[in-house]
Structures are given as C-alpha cells and as structure tokens.
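Below is query.cif, holding mmCIF, C-alpha atoms.
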```cif
data_entry
#
loop_
_atom_site.group_PDB
_atom_site.id
_atom_site.type_symbol
_atom_site.label_atom_id
_atom_site.label_comp_id
_atom_site.auth_asym_id
_atom_site.auth_seq_id
_atom_site.Cartn_x
_atom_site.Cartn_y
_atom_site.Cartn_z
ATOM 1 C CA MET H 1 8.957 18.399 -31.826
ATOM 2 C CA ALA H 2 6.469 20.780 -33.407
ATOM 3 C CA VAL H 3 7.048 23.605 -30.916
ATOM 4 C CA SER H 4 9.883 25.936 -31.925
ATOM 5 C CA ALA H 5 12.831 26.834 -29.717
ATOM 6 C CA ALA H 6 11.619 30.437 -29.709
ATOM 7 C CA ASP H 7 8.190 29.404 -28.419
ATOM 8 C CA ILE H 8 9.770 27.163 -25.758
ATOM 9 C CA LYS H 9 11.767 30.153 -24.552
ATOM 10 C CA ARG H 10 8.704 32.431 -24.700
ATOM 11 C CA VAL H 11 6.484 30.212 -22.558
ATOM 12 C CA LYS H 12 9.320 29.464 -20.122
ATOM 13 C CA ALA H 13 9.184 33.139 -19.200
ATOM 14 C CA MET H 14 5.509 32.544 -18.382
ATOM 15 C CA GLY H 15 6.349 29.642 -16.052
ATOM 16 C CA PHE H 16 5.950 26.716 -18.473
ATOM 17 C CA LEU H 17 9.002 24.459 -18.667
ATOM 18 C CA ASN H 18 9.350 22.051 -21.560
ATOM 19 C CA ASN H 19 9.091 18.344 -20.746
ATOM 20 C CA LYS H 20 12.256 17.054 -22.409
ATOM 21 C CA GLY H 21 11.738 15.508 -25.833
ATOM 22 C CA THR H 22 8.025 16.361 -26.019
ATOM 23 C CA ASP H 23 5.684 19.206 -26.942
ATOM 24 C CA ASN H 24 4.305 19.209 -23.402
ATOM 25 C CA PHE H 25 5.179 21.520 -20.517
ATOM 26 C CA SER H 26 5.203 21.631 -16.734
ATOM 27 C CA ALA H 27 3.148 24.572 -15.518
ATOM 28 C CA ARG H 28 4.826 26.213 -12.528
ATOM 29 C CA ILE H 29 2.184 27.650 -10.200
ATOM 30 C CA ILE H 30 3.203 30.284 -7.642
ATOM 31 C CA THR H 31 2.033 29.574 -4.086
ATOM 32 C CA VAL H 32 3.288 32.921 -2.624
ATOM 33 C CA ASN H 33 5.139 31.174 0.230
ATOM 34 C CA GLY H 34 4.258 27.501 0.035
ATOM 35 C CA ARG H 35 0.757 27.944 1.392
ATOM 36 C CA ILE H 36 -2.453 27.508 -0.616
ATOM 37 C CA THR H 37 -6.108 27.228 0.302
ATOM 38 C CA ALA H 38 -8.152 24.046 0.029
ATOM 39 C CA GLU H 39 -10.043 25.673 -2.866
ATOM 40 C CA GLN H 40 -6.790 26.390 -4.690
ATOM 41 C CA SER H 41 -5.563 22.849 -4.067
ATOM 42 C CA GLN H 42 -8.767 21.478 -5.567
ATOM 43 C CA CYS H 43 -8.432 23.780 -8.584
ATOM 44 C CA ILE H 44 -4.855 22.593 -9.188
ATOM 45 C CA SER H 45 -5.948 18.956 -8.992
ATOM 46 C CA GLU H 46 -8.731 19.591 -11.467
ATOM 47 C CA ALA H 47 -6.325 21.399 -13.808
ATOM 48 C CA ALA H 48 -3.896 18.476 -13.618
ATOM 49 C CA GLU H 49 -6.668 16.097 -14.676
ATOM 50 C CA LYS H 50 -8.102 18.403 -17.330
ATOM 51 C CA PHE H 51 -4.906 19.731 -18.968
ATOM 52 C CA GLY H 52 -1.942 17.741 -17.627
ATOM 53 C CA ASP H 53 -0.998 14.117 -17.046
ATOM 54 C CA GLY H 54 -2.927 13.846 -13.791
ATOM 55 C CA HIS H 55 0.056 14.465 -11.498
ATOM 56 C CA VAL H 56 1.000 17.399 -9.251
ATOM 57 C CA THR H 57 4.635 17.861 -8.216
ATOM 58 C CA LEU H 58 6.253 20.102 -5.613
ATOM 59 C CA THR H 59 9.422 22.088 -6.239
ATOM 60 C CA THR H 60 12.215 22.941 -3.833
ATOM 61 C CA ARG H 61 11.083 26.595 -3.977
ATOM 62 C CA LEU H 62 7.614 25.681 -2.636
ATOM 63 C CA THR H 63 5.895 26.139 -5.981
ATOM 64 C CA VAL H 64 3.583 23.556 -7.556
ATOM 65 C CA GLU H 65 4.046 22.083 -11.015
ATOM 66 C CA VAL H 66 1.526 20.353 -13.250
ATOM 67 C CA PRO H 67 3.426 18.325 -15.878
ATOM 68 C CA GLY H 68 2.166 17.235 -19.273
ATOM 69 C CA VAL H 69 0.358 20.406 -20.354
ATOM 70 C CA PRO H 70 0.237 20.579 -24.198
ATOM 71 C CA TYR H 71 1.586 23.759 -25.780
ATOM 72 C CA GLU H 72 -1.792 24.612 -27.324
ATOM 73 C CA LYS H 73 -3.502 24.351 -23.898
ATOM 74 C CA ILE H 74 -1.227 26.790 -22.041
ATOM 75 C CA GLU H 75 -3.494 29.845 -22.193
ATOM 76 C CA GLU H 76 -6.549 27.772 -21.307
ATOM 77 C CA PHE H 77 -4.659 26.341 -18.322
ATOM 78 C CA GLN H 78 -3.786 29.829 -17.093
ATOM 79 C CA GLU H 79 -7.401 30.960 -17.387
ATOM 80 C CA TYR H 80 -8.590 27.897 -15.488
ATOM 81 C CA ILE H 81 -6.324 28.373 -12.445
ATOM 82 C CA ALA H 82 -6.912 32.135 -12.434
ATOM 83 C CA LYS H 83 -10.422 31.539 -11.114
ATOM 84 C CA ALA H 84 -8.793 30.393 -7.838
ATOM 85 C CA GLY H 85 -6.429 33.375 -7.780
ATOM 86 C CA LEU H 86 -3.453 31.374 -9.029
ATOM 87 C CA VAL H 87 -0.802 32.375 -11.569
ATOM 88 C CA THR H 88 2.195 30.760 -13.251
ATOM 89 C CA GLY H 89 5.731 32.149 -13.286
ATOM 90 C CA GLY H 90 8.870 31.913 -11.172
ATOM 91 C CA THR H 91 11.538 31.812 -13.878
ATOM 92 C CA GLY H 92 14.180 34.151 -15.275
ATOM 93 C CA SER H 93 16.912 36.439 -13.956
ATOM 94 C CA LYS H 94 14.539 38.043 -11.505
ATOM 95 C CA VAL H 95 13.345 37.711 -7.918
ATOM 96 C CA ARG H 96 12.262 34.108 -7.529
ATOM 97 C CA PRO H 97 9.342 32.776 -5.422
ATOM 98 C CA VAL H 98 9.917 33.308 -1.707
ATOM 99 C CA VAL H 99 10.470 30.265 0.508
ATOM 100 C CA SER H 100 9.176 30.224 4.074
ATOM 101 C CA CYS H 101 9.015 27.878 7.038
ATOM 102 C CA LYS H 102 5.790 27.615 9.025
ATOM 103 C CA GLY H 103 6.873 30.180 11.622
ATOM 104 C CA THR H 104 4.862 30.655 14.780
ATOM 105 C CA THR H 105 2.858 27.440 14.384
ATOM 106 C CA CYS H 106 6.175 25.711 15.171
ATOM 107 C CA GLN H 107 7.209 25.439 18.817
ATOM 108 C CA TYR H 108 10.502 27.175 17.983
ATOM 109 C CA GLY H 109 9.082 29.916 15.758
ATOM 110 C CA LEU H 110 10.147 33.458 16.655
ATOM 111 C CA LEU H 111 8.368 35.360 13.901
ATOM 112 C CA ASP H 112 5.354 34.985 11.644
ATOM 113 C CA SER H 113 7.211 33.600 8.639
ATOM 114 C CA PHE H 114 4.088 33.342 6.502
ATOM 115 C CA ALA H 115 3.122 36.982 7.027
ATOM 116 C CA LEU H 116 6.639 38.302 6.407
ATOM 117 C CA SER H 117 7.246 36.120 3.343
ATOM 118 C CA GLU H 118 3.868 37.102 1.894
ATOM 119 C CA GLU H 119 4.745 40.779 2.261
ATOM 120 C CA ILE H 120 8.125 40.152 0.622
ATOM 121 C CA HIS H 121 6.333 38.304 -2.186
ATOM 122 C CA HIS H 122 3.983 41.208 -2.913
ATOM 123 C CA ARG H 123 6.636 43.923 -2.627
ATOM 124 C CA PHE H 124 9.514 42.242 -4.402
ATOM 125 C CA TYR H 125 8.408 39.145 -6.324
ATOM 126 C CA GLU H 126 5.395 40.942 -7.766
ATOM 127 C CA GLY H 127 6.598 44.521 -7.384
ATOM 128 C CA TYR H 128 9.975 43.819 -9.029
ATOM 129 C CA ARG H 129 8.654 41.264 -11.536
ATOM 130 C CA GLU H 130 9.653 43.369 -14.547
ATOM 131 C CA VAL H 131 13.072 44.292 -13.142
ATOM 132 C CA ARG H 132 15.912 42.418 -14.826
ATOM 133 C CA LEU H 133 18.729 41.326 -12.536
ATOM 134 C CA PRO H 134 22.165 39.874 -13.322
ATOM 135 C CA HIS H 135 20.864 36.412 -12.398
ATOM 136 C CA LYS H 136 18.076 34.836 -10.359
ATOM 137 C CA PHE H 137 17.660 36.133 -6.805
ATOM 138 C CA LYS H 138 16.332 33.787 -4.139
ATOM 139 C CA ILE H 139 14.896 34.875 -0.788
ATOM 140 C CA ALA H 140 14.047 32.654 2.196
ATOM 141 C CA VAL H 141 12.442 33.426 5.556
ATOM 142 C CA GLY H 142 13.155 31.196 8.540
ATOM 143 C CA GLY H 143 11.322 31.517 11.835
ATOM 144 C CA CYS H 144 14.295 30.593 14.021
ATOM 145 C CA PRO H 145 17.999 29.650 13.891
ATOM 146 C CA ASN H 146 17.114 25.999 13.163
ATOM 147 C CA ASN H 147 17.393 27.141 9.524
ATOM 148 C CA CYS H 148 14.865 24.629 8.187
ATOM 149 C CA VAL H 149 14.504 26.509 4.877
ATOM 150 C CA LYS H 150 18.245 27.299 4.764
ATOM 151 C CA PRO H 151 18.058 31.119 4.641
ATOM 152 C CA ASP H 152 21.857 31.334 4.713
ATOM 153 C CA LEU H 153 22.037 29.374 1.430
ATOM 154 C CA ASN H 154 19.813 31.873 -0.380
ATOM 155 C CA ASP H 155 20.887 35.104 -2.040
ATOM 156 C CA LEU H 156 19.180 36.838 0.888
ATOM 157 C CA GLY H 157 17.851 35.138 3.993
ATOM 158 C CA VAL H 158 15.925 36.386 7.017
ATOM 159 C CA ILE H 159 16.024 34.452 10.290
ATOM 160 C CA GLY H 160 13.860 35.125 13.341
ATOM 161 C CA GLN H 161 15.708 36.054 16.521
ATOM 162 C CA ARG H 162 15.018 36.521 20.221
ATOM 163 C CA ILE H 163 17.897 38.168 22.020
ATOM 164 C CA PRO H 164 17.835 37.124 25.708
ATOM 165 C CA THR H 165 17.828 39.850 28.341
ATOM 166 C CA PHE H 166 20.085 38.697 31.178
ATOM 167 C CA GLU H 167 19.430 40.297 34.580
ATOM 168 C CA GLU H 168 22.735 39.463 36.262
ATOM 169 C CA GLU H 169 21.622 40.627 39.701
ATOM 170 C CA TYR H 170 19.045 37.816 39.851
ATOM 171 C CA CYS H 171 21.570 35.085 39.034
ATOM 172 C CA ASN H 172 22.410 32.788 41.972
ATOM 173 C CA GLY H 173 25.168 30.945 40.142
ATOM 174 C CA CYS H 174 23.467 27.574 40.652
ATOM 175 C CA LYS H 175 25.759 24.569 40.330
ATOM 176 C CA LYS H 176 23.111 22.965 38.136
ATOM 177 C CA CYS H 177 22.011 25.924 36.015
ATOM 178 C CA SER H 178 18.719 25.418 34.175
ATOM 179 C CA VAL H 179 19.657 28.087 31.630
ATOM 180 C CA GLU H 180 22.923 26.359 30.840
ATOM 181 C CA GLU H 181 21.073 23.065 30.431
ATOM 182 C CA ALA H 182 18.473 24.679 28.142
ATOM 183 C CA CYS H 183 21.018 26.257 25.798
ATOM 184 C CA PRO H 184 21.327 23.925 22.766
ATOM 185 C CA ILE H 185 24.641 25.328 21.529
ATOM 186 C CA GLY H 186 26.539 25.817 24.805
ATOM 187 C CA ALA H 187 26.605 29.623 24.729
ATOM 188 C CA ALA H 188 25.404 29.917 28.351
ATOM 189 C CA LYS H 189 27.712 28.703 31.113
ATOM 190 C CA VAL H 190 28.189 29.363 34.814
ATOM 191 C CA VAL H 191 31.718 30.678 35.366
ATOM 192 C CA ASP H 192 33.034 31.568 38.835
ATOM 193 C CA GLY H 193 29.549 31.536 40.314
ATOM 194 C CA ILE H 194 27.808 33.691 37.700
ATOM 195 C CA LEU H 195 26.069 32.895 34.442
ATOM 196 C CA GLU H 196 27.825 34.142 31.323
ATOM 197 C CA ILE H 197 26.394 34.239 27.818
ATOM 198 C CA ASP H 198 28.889 34.148 24.975
ATOM 199 C CA ARG H 199 27.254 36.668 22.630
ATOM 200 C CA GLU H 200 29.517 35.648 19.762
ATOM 201 C CA LYS H 201 28.355 32.056 20.097
ATOM 202 C CA CYS H 202 24.718 32.744 20.996
ATOM 203 C CA ASN H 203 22.416 32.410 17.968
ATOM 204 C CA ASN H 204 19.455 34.123 19.682
ATOM 205 C CA CYS H 205 17.186 31.085 19.525
ATOM 206 C CA GLY H 206 15.417 32.213 22.718
ATOM 207 C CA ARG H 207 15.340 28.710 24.215
ATOM 208 C CA CYS H 208 16.881 29.951 27.475
ATOM 209 C CA ILE H 209 14.175 32.555 28.147
ATOM 210 C CA GLY H 210 11.986 31.668 31.118
ATOM 211 C CA GLN H 211 14.220 28.762 32.177
ATOM 212 C CA CYS H 212 15.887 30.420 35.193
ATOM 213 C CA HIS H 213 14.179 29.598 38.491
ATOM 214 C CA PHE H 214 15.252 32.997 39.830
ATOM 215 C CA ASP H 215 13.993 35.061 36.860
ATOM 216 C CA ALA H 216 17.425 36.057 35.550
ATOM 217 C CA ILE H 217 16.279 35.620 31.931
ATOM 218 C CA GLU H 218 12.563 36.307 31.728
ATOM 219 C CA ASP H 219 12.405 38.282 28.511
ATOM 220 C CA GLY H 220 14.098 38.879 25.181
ATOM 221 C CA THR H 221 13.986 41.211 22.214
ATOM 222 C CA TYR H 222 12.465 39.841 19.011
ATOM 223 C CA GLY H 223 14.407 40.596 15.858
ATOM 224 C CA TYR H 224 15.613 39.600 12.407
ATOM 225 C CA LYS H 225 19.055 38.457 11.287
ATOM 226 C CA ILE H 226 19.823 38.996 7.602
ATOM 227 C CA TYR H 227 22.213 36.808 5.609
ATOM 228 C CA LEU H 228 23.635 37.925 2.271
ATOM 229 C CA GLY H 229 25.175 36.009 -0.601
ATOM 230 C CA GLY H 230 24.207 32.421 0.052
ATOM 231 C CA ARG H 231 23.992 30.007 -2.871
ATOM 232 C CA TRP H 232 23.150 26.337 -3.317
ATOM 233 C CA GLY H 233 24.078 24.634 -6.552
ATOM 234 C CA LYS H 234 27.147 23.747 -8.573
ATOM 235 C CA HIS H 235 29.223 26.220 -6.576
ATOM 236 C CA VAL H 236 28.011 26.472 -2.971
ATOM 237 C CA ALA H 237 28.450 29.746 -1.077
ATOM 238 C CA GLN H 238 27.662 30.251 2.610
ATOM 239 C CA GLY H 239 25.778 33.467 3.244
ATOM 240 C CA GLN H 240 27.303 35.985 5.653
ATOM 241 C CA ALA H 241 25.307 37.638 8.418
ATOM 242 C CA MET H 242 25.025 41.398 8.654
ATOM 243 C CA LYS H 243 26.388 42.695 11.944
ATOM 244 C CA LYS H 244 23.158 44.292 13.101
ATOM 245 C CA VAL H 245 20.232 42.255 14.365
ATOM 246 C CA PHE H 246 17.261 44.289 13.129
ATOM 247 C CA THR H 247 14.218 44.862 15.328
ATOM 248 C CA ASP H 248 12.115 46.875 12.871
ATOM 249 C CA LYS H 249 10.375 44.967 10.062
ATOM 250 C CA GLU H 250 10.360 48.008 7.775
ATOM 251 C CA GLU H 251 14.117 48.271 8.126
ATOM 252 C CA VAL H 252 14.343 44.644 6.982
ATOM 253 C CA MET H 253 12.168 45.407 3.947
ATOM 254 C CA SER H 254 14.379 48.389 3.170
ATOM 255 C CA ILE H 255 17.511 46.222 3.309
ATOM 256 C CA ILE H 256 15.935 43.756 0.871
ATOM 257 C CA GLU H 257 15.080 46.526 -1.574
ATOM 258 C CA LYS H 258 18.543 48.070 -1.311
ATOM 259 C CA ALA H 259 20.115 44.642 -1.882
ATOM 260 C CA LEU H 260 18.100 44.210 -5.094
ATOM 261 C CA LEU H 261 19.007 47.697 -6.307
ATOM 262 C CA LEU H 262 22.692 47.193 -5.482
ATOM 263 C CA TYR H 263 22.687 43.840 -7.289
ATOM 264 C CA ARG H 264 21.029 45.328 -10.363
ATOM 265 C CA GLU H 265 23.360 48.333 -10.468
ATOM 266 C CA GLN H 266 26.696 46.765 -9.500
ATOM 267 C CA GLY H 267 26.301 43.102 -10.418
ATOM 268 C CA LYS H 268 27.706 41.832 -13.697
ATOM 269 C CA THR H 269 25.285 40.106 -16.052
ATOM 270 C CA GLY H 270 25.339 36.380 -15.374
ATOM 271 C CA GLU H 271 26.881 36.418 -11.903
ATOM 272 C CA ARG H 272 25.026 35.453 -8.728
ATOM 273 C CA PHE H 273 24.761 37.834 -5.791
ATOM 274 C CA ALA H 274 27.396 35.815 -3.910
ATOM 275 C CA ASP H 275 29.917 36.600 -6.654
ATOM 276 C CA THR H 276 28.958 40.274 -6.705
ATOM 277 C CA ILE H 277 29.583 40.440 -2.937
ATOM 278 C CA ALA H 278 32.893 38.593 -3.258
ATOM 279 C CA ARG H 279 34.024 41.024 -5.964
ATOM 280 C CA LEU H 280 32.887 44.200 -4.152
ATOM 281 C CA GLY H 281 33.751 43.035 -0.635
ATOM 282 C CA PHE H 282 31.223 42.134 2.067
ATOM 283 C CA GLU H 283 32.010 45.144 4.267
ATOM 284 C CA ASN H 284 31.529 47.458 1.280
ATOM 285 C CA VAL H 285 28.169 45.881 0.429
ATOM 286 C CA GLU H 286 27.030 45.947 4.061
ATOM 287 C CA ALA H 287 27.966 49.629 4.377
ATOM 288 C CA GLN H 288 25.993 50.482 1.244
ATOM 289 C CA LEU H 289 22.947 48.590 2.514
ATOM 290 C CA MET H 290 23.080 50.398 5.849
ATOM 291 C CA GLY H 291 23.106 53.771 4.072
ATOM 292 C CA ASP H 292 20.475 55.479 1.917
ATOM 293 C CA ALA H 293 22.465 56.428 -1.182
ATOM 294 C CA ILE H 294 21.157 53.438 -3.160
ATOM 295 C CA LEU H 295 17.529 54.343 -2.480
ATOM 296 C CA GLU H 296 18.230 57.894 -3.590
ATOM 297 C CA ARG H 297 19.289 56.436 -6.964
ATOM 298 C CA LYS H 298 16.358 53.998 -7.082
ATOM 299 C CA GLN H 299 14.597 55.310 -10.179
ATOM 300 C CA GLU H 300 17.867 55.815 -12.018
ATOM 301 C CA ILE H 301 18.860 52.202 -11.272
ATOM 302 C CA LEU H 302 15.467 50.819 -12.287
ATOM 303 C CA ASP H 303 15.433 52.793 -15.536
ATOM 304 C CA ALA H 304 18.959 51.799 -16.598
ATOM 305 C CA PRO H 305 19.102 49.416 -19.617
ATOM 306 C CA LEU H 306 20.958 46.658 -17.752
ATOM 307 C CA HIS H 307 21.128 42.863 -18.097
ATOM 308 C CA LEU H 308 19.171 42.748 -21.356
ATOM 309 C CA THR H 309 20.890 39.538 -22.457
ATOM 310 C CA GLY H 310 21.386 36.345 -20.458
ATOM 311 C CA GLY H 311 24.483 34.271 -19.918
ATOM 312 C CA ALA H 312 24.714 32.660 -16.491
ATOM 313 C CA THR H 313 28.266 32.196 -15.207
ATOM 314 C CA CYS H 314 27.359 29.635 -12.549
#
```

What would the structure in this file look like if it were written as structure tokens?
Amino acid sequence: MAVSAADIKRVKAMGFLNNKGTDNFSARIITVNGRITAEQSQCISEAAEKFGDGHVTLTTRLTVEVPGVPYEKIEEFQEYIAKAGLVTGGTGSKVRPVVSCKGTTCQYGLLDSFALSEEIHHRFYEGYREVRLPHKFKIAVGGCPNNCVKPDLNDLGVIGQRIPTFEEEYCNGCKKCSVEEACPIGAAKVVDGILEIDREKCNNCGRCIGQCHFDAIEDGTYGYKIYLGGRWGKHVAQGQAMKKVFTDKEEVMSIIEKALLLYREQGKTGERFADTIARLGFENVEAQLMGDAILERKQEILDAPLHLTGGATC
C-alpha cells in the first residue's frame, strides 16, 4: 500500500474508511436521518460512477457509503457531493449519525421521527461535532413502542408515546371489551365489571384509544420516553427507561444535551455510556439529568482537555 497509516487515520476522521488491503476508501455520506432527496440520490450515484467502483452501500446507521474511492480523489469526491448539500463523516469518539424510523407516515407512528431526529442531528451531531467523548455515542428516534430502530439498544433512545386517558365513569364493563381486544400486550383487562389498565405493563402505544364503544378512552397525551445506556455489539446492554414520560420536546433536547455533558465529564476514556451508567449508578445518572447542575457547568465541561487519546474498552 502506498498510503501511510497516518494518512489512513487522518481521512478516517473525515469519513473515509480504508478498503482492506488497498489504497481505496469507502466514503461515508451523512444522510441526517436516513432521508435524502432525489437530487442527492442522483448525485451520490454519479459520484459512485465517477470516483468509486460504481456501487452504493447502506450502513446500519442509515448513512450511505461509496466504496472504491482512491486516496488521491478524496477531496474531489467531497467537492462533488457538496453541490447537493452532502458531507462525509460519522466516525470517531463523538456523537454518531442519528437513526430514525419513518414516524407519522407509519400507521403506528406517534411522533414526527424525521423532524425530531433532524433537530437532534443539527444540535448535537453538528453542534457537538468537535466535542470529544469517551467513546462513540449513538442516538435513535423511534415513533412508537414497536422499536423498529431499536432505541433501547442505543446510548440514548427516544420513543414516541401516547398515554391513554381512561374515563372510568363511561366504562360499562362489557364482557367482550373492545379495548381489551385492541391492547397488543394485555395491559387492559376487565376485572370485576370495570376496565383496568396496568400502568406498569402499558407501553403507551395508543392502540386502545378510540376503541371503546362508550367513549371511555377517546384521547391520550402524546409524549416521549427516553432510554439510557443501550449498546449493541460485542457486549450487549439493554437501555433503561427514565421514570418520567416527557411531554415537552425542549425538555427532551435538554436531557440529550445533559447526557452528553455528563458522559464527557464523568465517563472514562474508552468506555461506552452503558459502562459509565453502570459505574455511577442509573438512579444517580437519572437524578443528574433531571437537575440543572450539569448545564451550569456546560462551558467548563466543554473546555476541559478530556479524552484526547483513544483506547476503546469494548
């Protein structure tokens, strides 16, 4: 190989991953949340023909890769895709590209996943792009508890919710309850002539809303459930849900920022967020995220010379 190890490392930080045993690279193109325009798709195809090996591949993080780009063509490739508003990146111990499901275009969607994930992308993928973290930090946004993009297996996941409002006085205790039949996880059951909803079991999917013939559940509160510390890989960790179901989007954005600041300040270089939480204790982390002390130290945390060398532990 003519390309040095130092140059391979340098361009990896730009989103160009070496094709093993060659001087060519796969260019990782950021899609924001897995959605691109027809114009951008055409530009990527043209770039694959012009600079790569003619193929376009999709990653598990909803980015697009063009393999076979020669080292000497990297800058020219970047300039070419820039005309369609596209950039490369998505590597390093930083916030990684945000993954999103299709949200409200799905029959089960409870929030606009594309809009929320795009805002997260701009505020934290782009806004925190120069902030070094202990390890990579993955964020996923799911429109409902079906968990299609596995938010609870990401460092931080957001899941759309609709908390049913049960008007008990309208319940007739029907022997064949349409709400009970509509509940996919068995959280709603008629007991002693009255409908009961097991709130511990209910995942707030909203499927029961509007199903009662006597209007006992006609509405529900839209919200967001946040999972912390998920991880998929060599050592799998199941994310844990915060106790509160948030109903204010800005509060969700604040939690995300506080999670990043906590991870940068209190995480050890090389450990994933799941390990930081396990070491500090989930209740401790949750309490810090629900307070404002971390935000008050924001600039101090961002300015601290932390995680300047790599060394992943998982």

When the PyMOL selection byres ((chain H and resi 298) around 12) is applied to the file above, which residues end up in the set, as a ChimeraX atom specification? /H:131,254,257-265,292-297,299-304

Against range 22-45 of chain H, which residues of range 120-194 of chain H fall within 12 Å? For each one I want the closest pair of atoms and the distance in Å (one decimal), counting only C-alpha atoms, rows by chain and increasing residue number, as JSON lines.
```
{"residue": "H:Ile120", "atom": "CA", "partner": "H:Val32", "partner_atom": "CA", "distance": 9.3}
{"residue": "H:His121", "atom": "CA", "partner": "H:Val32", "partner_atom": "CA", "distance": 6.2}
{"residue": "H:His122", "atom": "CA", "partner": "H:Val32", "partner_atom": "CA", "distance": 8.3}
{"residue": "H:Arg123", "atom": "CA", "partner": "H:Val32", "partner_atom": "CA", "distance": 11.5}
{"residue": "H:Phe124", "atom": "CA", "partner": "H:Val32", "partner_atom": "CA", "distance": 11.3}
{"residue": "H:Tyr125", "atom": "CA", "partner": "H:Val32", "partner_atom": "CA", "distance": 8.9}
{"residue": "H:Glu126", "atom": "CA", "partner": "H:Val32", "partner_atom": "CA", "distance": 9.8}
{"residue": "H:Ile139", "atom": "CA", "partner": "H:Asn33", "partner_atom": "CA", "distance": 10.5}
{"residue": "H:Ala140", "atom": "CA", "partner": "H:Asn33", "partner_atom": "CA", "distance": 9.2}
{"residue": "H:Val141", "atom": "CA", "partner": "H:Asn33", "partner_atom": "CA", "distance": 9.3}
{"residue": "H:Gly142", "atom": "CA", "partner": "H:Asn33", "partner_atom": "CA", "distance": 11.5}
{"residue": "H:Val149", "atom": "CA", "partner": "H:Gly34", "partner_atom": "CA", "distance": 11.4}
```

Quick one: what's the axis-aligned box for range 113-126 of chain H, all listed atoms, 8 Å on every side, centre and edges in Å to one decimal, as JSON?
```
{"center_x": 6.3, "center_y": 38.6, "center_z": 0.4, "size_x": 22.4, "size_y": 26.6, "size_z": 32.4}
```

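Among the candidates H:Pro164, H:Pro67, H:Gly239, H:Gly186, the residue lying nearest to Gly220 in chain H is H:Pro164 (atoms considered: only C-alpha atoms).
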
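Among the candidates H:Cys205, H:Glu180, H:Ala2, H:Gly291, the one nearest to Asn146 in chain H when counting all atoms listed in the file is H:Cys205.
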
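Remark: for Gly267 in chain H, the closest of the candidate residues H:Val285, H:Val190, H:Ile217, H:Cys208 is H:Val285 (distances computed over all atoms listed in the file).
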